[in-house]
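Colleague: Sharing a structure, written as structure tokens. Questions coming.
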Amino acid sequence: ESQFQPIAPEKDSLELCDWSKFTRNQELHVVLLAMYEYYNIFRSLPKINDQSDAEHFLQVVKRIQSENSRKTGFPSSQDLSQNLILRIAKCADTQISPMTSFFGGVVAQEIVKITGKFTPLRQWLHFDVYDELKEGTSKKEPIEGRYDDQIALFGVDFQHKLFKQKIFQIGAGALGCEFIKMFGLMGICCGNGKLTVTDDDQIEISNLNRQFLFRKEHVGLSKSEVACQVGTFLNPWLNVKSLKNRVCTETEEVFNDSFWESLDLVVNAVDNVKARLYVDAKCVFYEKSLFESGTMGTKCNSQIIIPHKSQNYGESQDPPEESIPMCTLKNFPHLIEHTIQWARDYFQGIFVDTPQQTSKFLENREAFIQSIFKELKDQPLMIKERLQGVRKLCEAGMKIDFRGCIALARKMFQENFHNQIAQLLHSFPADHRTENGILFWSGPKRQPQIIEFDHNDDTHLDFIVS
């Protein structure tokens, strides 16, 4: 029913994606209905780049428009673009990964909206980028390969350019995983080109729900290394190199003049505003195109920056970051805000979360254990951490005297400010260098110091008393 009554109740128009094309959504709706009917008649979509099929499809569109011209939400005959319809018909049977990923994301968001937290779309949403299809002389005949649909849309010369691209990607997190997947599926850097990916972070369990190239067995490994390995699994021809360096002034001997000058494109896939500004400044200096992107909760942005033709990222101001990435908080905090947030999270854990979990455990042990394993079935380290917290509190509760509480607090001090730091410095001593010869403890990675408990230090005693 909604196909022929496309406008939702209490609305006066279809959803509009591009305000420069006021009637495009109505055109696309008629084209969609015509595509359904064409398939029912011929049991197939119009053949790729076939003029005869495109002409047949055009007639179906005109007939459906004529039959429904008086209905709200349908365009007039003057609003139909014959060139657009023919263009759609010639590529209707193609599939390219950027568009499938986009619509997959839209569908996923709509599924999440069932929870009632966000407002769902009402009725129809039509989105297109048909204006990117340019008529040219480049050959579009298939070559019997995985890139035939792209060649049918953009031509074989365009595909060869994708093969030869030299790209530098900063970040291998949620966005970075998506980009590496996309590069592999599209054939970018799969010829004489090269993709260089750098990320100094390790994979955490909390990353697995959105950074889809990673699995449980990858926890603790380098994000850039694992992401690049999986990228070559998607496309063995992907020419990719992984690095673990942060892009900043301290690593300019790695990312030097010759490195920047060799690039065709730079891709930002990090949330840290300071890092994005640094990369943007480098692209301005070396006159390199930049695809800038970032996320912040449910918000995101993307910006295509072309030298001498568009505004660069640094000319506009992003809002200050409201949250601190968990990987920064746990691994390499370097600002006072990071340490404050760590302390708040730690307080929440020992004085709120763990006591509540212990109470549930004491009320019904079997039900608590079952709920923990059901909730965290794919996160064994989290199960271990939660159960250890409950065990420690139960053991402390068995010692009702005040000495037992003091002993527990003293153990917590030793674990947080001595043992964990000692283990970290054992793995990465002060003079440890990365594979590129750069000191590991440099830039924002500040070397922690072991603290020996001193009963004469009021701060140490305050921790025990609290």
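Going through the structure tokens in order, the chains are called A, B, and so on, while each chain numbers its residues from 1 and the ligands are numbered from 1 in the order shown.
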Please identify which residues in region 75-169 of chain A DSSP calls strand (DSSP E or B) from the backbone, and express them as a list of chain:residue names.
Modeller: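 Written out, the strand (DSSP E or B) residues of region 75-169 of chain A are A:Lys166, A:Ile167, A:Phe168, A:Gln169.
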Colleague: Taking only region 72-154 of chain A into account, list the residues labelled helix (DSSP H, G or I) by DSSP (computed from the backbone), as a tab-separated table (two decimals) with N, CA, C and O atoms, in the first residue's frame.
Modeller:
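The result, stored in part08.tsv:
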```
chain	number	residue	atom	x	y	z
A	77	SER	N	5.06	14.72	-15.30
A	77	SER	CA	5.86	14.23	-16.43
A	77	SER	C	7.03	15.17	-16.72
A	77	SER	O	8.09	14.75	-17.19
A	78	GLN	N	6.84	16.48	-16.42
A	78	GLN	CA	7.92	17.44	-16.68
A	78	GLN	C	9.09	17.25	-15.70
A	78	GLN	O	10.22	17.63	-16.02
A	79	ASP	N	8.80	16.66	-14.53
A	79	ASP	CA	9.85	16.47	-13.53
A	79	ASP	C	10.67	15.22	-13.77
A	79	ASP	O	11.68	14.99	-13.09
A	82	GLN	N	14.72	12.08	-18.45
A	82	GLN	CA	14.94	10.91	-19.29
A	82	GLN	C	16.38	10.41	-19.17
A	82	GLN	O	16.62	9.20	-19.10
A	83	ASN	N	17.34	11.30	-19.14
A	83	ASN	CA	18.75	10.91	-19.04
A	83	ASN	C	19.01	10.17	-17.72
A	83	ASN	O	19.75	9.18	-17.69
A	84	LEU	N	18.40	10.67	-16.63
A	84	LEU	CA	18.59	10.01	-15.34
A	84	LEU	C	18.02	8.60	-15.36
A	84	LEU	O	18.65	7.64	-14.89
A	85	ILE	N	16.82	8.43	-15.93
A	85	ILE	CA	16.17	7.12	-15.96
A	85	ILE	C	16.99	6.13	-16.78
A	85	ILE	O	17.20	4.98	-16.39
A	86	LEU	N	17.48	6.57	-17.94
A	86	LEU	CA	18.30	5.69	-18.77
A	86	LEU	C	19.60	5.30	-18.04
A	86	LEU	O	20.06	4.16	-18.12
A	87	ARG	N	20.15	6.27	-17.33
A	87	ARG	CA	21.39	6.02	-16.59
A	87	ARG	C	21.15	4.98	-15.48
A	87	ARG	O	21.95	4.08	-15.27
A	88	ILE	N	20.02	5.12	-14.79
A	88	ILE	CA	19.69	4.16	-13.74
A	88	ILE	C	19.49	2.78	-14.33
A	88	ILE	O	19.96	1.77	-13.77
A	89	ALA	N	18.78	2.70	-15.44
A	89	ALA	CA	18.52	1.40	-16.05
A	89	ALA	C	19.81	0.69	-16.44
A	89	ALA	O	19.95	-0.53	-16.26
A	90	LYS	N	20.78	1.43	-16.95
A	90	LYS	CA	22.02	0.82	-17.43
A	90	LYS	C	22.91	0.30	-16.29
A	90	LYS	O	23.80	-0.50	-16.53
A	91	CYS	N	22.66	0.76	-15.07
A	91	CYS	CA	23.51	0.29	-13.96
A	91	CYS	C	22.69	-0.40	-12.87
A	91	CYS	O	23.21	-0.69	-11.79
A	97	SER	N	30.72	-2.04	-3.51
A	97	SER	CA	30.81	-2.15	-2.06
A	97	SER	C	30.51	-0.85	-1.32
A	97	SER	O	29.89	-0.90	-0.24
A	98	PRO	N	30.89	0.34	-1.80
A	98	PRO	CA	30.55	1.55	-1.03
A	98	PRO	C	29.06	1.73	-0.84
A	98	PRO	O	28.60	2.10	0.25
A	99	MET	N	28.28	1.47	-1.88
A	99	MET	CA	26.83	1.66	-1.76
A	99	MET	C	26.19	0.58	-0.91
A	99	MET	O	25.29	0.86	-0.10
A	100	THR	N	26.63	-0.67	-1.05
A	100	THR	CA	26.06	-1.73	-0.23
A	100	THR	C	26.40	-1.50	1.24
A	100	THR	O	25.58	-1.78	2.13
A	101	SER	N	27.59	-0.99	1.52
A	101	SER	CA	27.97	-0.70	2.90
A	101	SER	C	27.12	0.43	3.47
A	101	SER	O	26.69	0.38	4.63
A	102	PHE	N	26.87	1.45	2.65
A	102	PHE	CA	26.05	2.58	3.10
A	102	PHE	C	24.63	2.12	3.47
A	102	PHE	O	24.13	2.41	4.56
A	103	PHE	N	24.01	1.38	2.56
A	103	PHE	CA	22.64	0.95	2.83
A	103	PHE	C	22.59	-0.08	3.95
A	103	PHE	O	21.62	-0.15	4.71
A	104	GLY	N	23.65	-0.89	4.07
A	104	GLY	CA	23.72	-1.82	5.20
A	104	GLY	C	23.76	-1.07	6.52
A	104	GLY	O	23.12	-1.47	7.50
A	105	GLY	N	24.49	0.05	6.54
A	105	GLY	CA	24.54	0.88	7.74
A	105	GLY	C	23.20	1.51	8.08
A	105	GLY	O	22.80	1.56	9.25
A	106	VAL	N	22.49	1.96	7.04
A	106	VAL	CA	21.15	2.55	7.27
A	106	VAL	C	20.20	1.50	7.85
A	106	VAL	O	19.48	1.76	8.81
A	107	VAL	N	20.23	0.30	7.28
A	107	VAL	CA	19.35	-0.77	7.77
A	107	VAL	C	19.70	-1.11	9.22
A	107	VAL	O	18.81	-1.30	10.06
A	108	ALA	N	21.00	-1.20	9.52
A	108	ALA	CA	21.42	-1.51	10.88
A	108	ALA	C	20.93	-0.45	11.87
A	108	ALA	O	20.48	-0.78	12.98
A	109	GLN	N	21.02	0.81	11.48
A	109	GLN	CA	20.54	1.89	12.34
A	109	GLN	C	19.04	1.78	12.58
A	109	GLN	O	18.55	2.00	13.70
A	110	GLU	N	18.29	1.42	11.55
A	110	GLU	CA	16.84	1.30	11.71
A	110	GLU	C	16.48	0.14	12.63
A	110	GLU	O	15.51	0.22	13.39
A	111	ILE	N	17.29	-0.92	12.59
A	111	ILE	CA	17.05	-2.05	13.50
A	111	ILE	C	17.28	-1.62	14.94
A	111	ILE	O	16.50	-1.94	15.84
A	112	VAL	N	18.35	-0.85	15.16
A	112	VAL	CA	18.65	-0.36	16.51
A	112	VAL	C	17.51	0.52	17.02
A	112	VAL	O	17.20	0.53	18.22
A	113	LYS	N	16.86	1.25	16.12
A	113	LYS	CA	15.81	2.18	16.53
A	113	LYS	C	14.56	1.49	17.06
A	113	LYS	O	13.68	2.14	17.62
A	114	ILE	N	14.48	0.16	16.90
A	114	ILE	CA	13.36	-0.57	17.47
A	114	ILE	C	13.33	-0.41	18.99
A	114	ILE	O	12.27	-0.48	19.63
A	115	THR	N	14.50	-0.16	19.59
A	115	THR	CA	14.58	0.03	21.04
A	115	THR	C	13.84	1.28	21.49
A	115	THR	O	13.55	1.44	22.68
A	130	TYR	N	23.87	9.20	-8.59
A	130	TYR	CA	23.94	8.98	-10.03
A	130	TYR	C	24.69	10.09	-10.76
A	130	TYR	O	25.18	9.89	-11.87
A	131	ASP	N	24.79	11.26	-10.13
A	131	ASP	CA	25.51	12.36	-10.79
A	131	ASP	C	26.99	12.06	-10.93
A	131	ASP	O	27.70	12.73	-11.67
A	132	GLU	N	27.49	11.06	-10.17
A	132	GLU	CA	28.90	10.70	-10.28
A	132	GLU	C	29.19	9.87	-11.52
A	132	GLU	O	30.36	9.66	-11.85
A	148	ASP	N	34.19	-6.02	-12.34
A	148	ASP	CA	33.40	-5.73	-13.55
A	148	ASP	C	32.31	-4.70	-13.31
A	148	ASP	O	32.04	-3.86	-14.18
A	149	ASP	N	31.65	-4.75	-12.16
A	149	ASP	CA	30.58	-3.79	-11.90
A	149	ASP	C	31.12	-2.37	-11.80
A	149	ASP	O	30.50	-1.41	-12.28
A	150	GLN	N	32.28	-2.22	-11.17
A	150	GLN	CA	32.90	-0.88	-11.10
A	150	GLN	C	33.31	-0.40	-12.48
A	150	GLN	O	33.14	0.78	-12.81
A	151	ILE	N	33.85	-1.31	-13.27
A	151	ILE	CA	34.25	-0.94	-14.64
A	151	ILE	C	33.03	-0.54	-15.46
A	151	ILE	O	33.07	0.41	-16.25
A	152	ALA	N	31.92	-1.25	-15.26
A	152	ALA	CA	30.70	-0.91	-16.00
A	152	ALA	C	30.21	0.49	-15.65
A	152	ALA	O	29.60	1.18	-16.48
A	153	LEU	N	30.47	0.95	-14.44
A	153	LEU	CA	30.02	2.27	-14.01
A	153	LEU	C	31.02	3.36	-14.34
A	153	LEU	O	30.64	4.45	-14.79
A	154	PHE	N	32.29	3.10	-14.11
A	154	PHE	CA	33.29	4.17	-14.19
A	154	PHE	C	34.34	3.97	-15.28
A	154	PHE	O	35.11	4.88	-15.55
```
Colleague: When you count only C-alpha atoms, which of these residues is closest to Leu265 (chain A): A:Phe332, A:Phe413, A:Trp342, A:Phe168?
Modeller: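 Comparing A:Phe332, A:Phe413, A:Trp342, A:Phe168 against Leu265 (chain A), the winner is A:Phe168.
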Colleague: Ranking A:Phe118, A:Lys134, A:Asn235, A:Ser359 by minimum distance to Phe158 (chain A) and counting only C-alpha atoms, which one comes first?
Modeller: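 With only C-alpha atoms as the atom set, the closest residue is A:Lys134.
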Colleague: Residues at most 10 Å from Thr23 (chain A), counting only C-alpha atoms, excluding those fewer than 6 positions away in the same chain, as a ChimeraX atom specification?
Modeller: /A:13-14,16,73-76,79-80
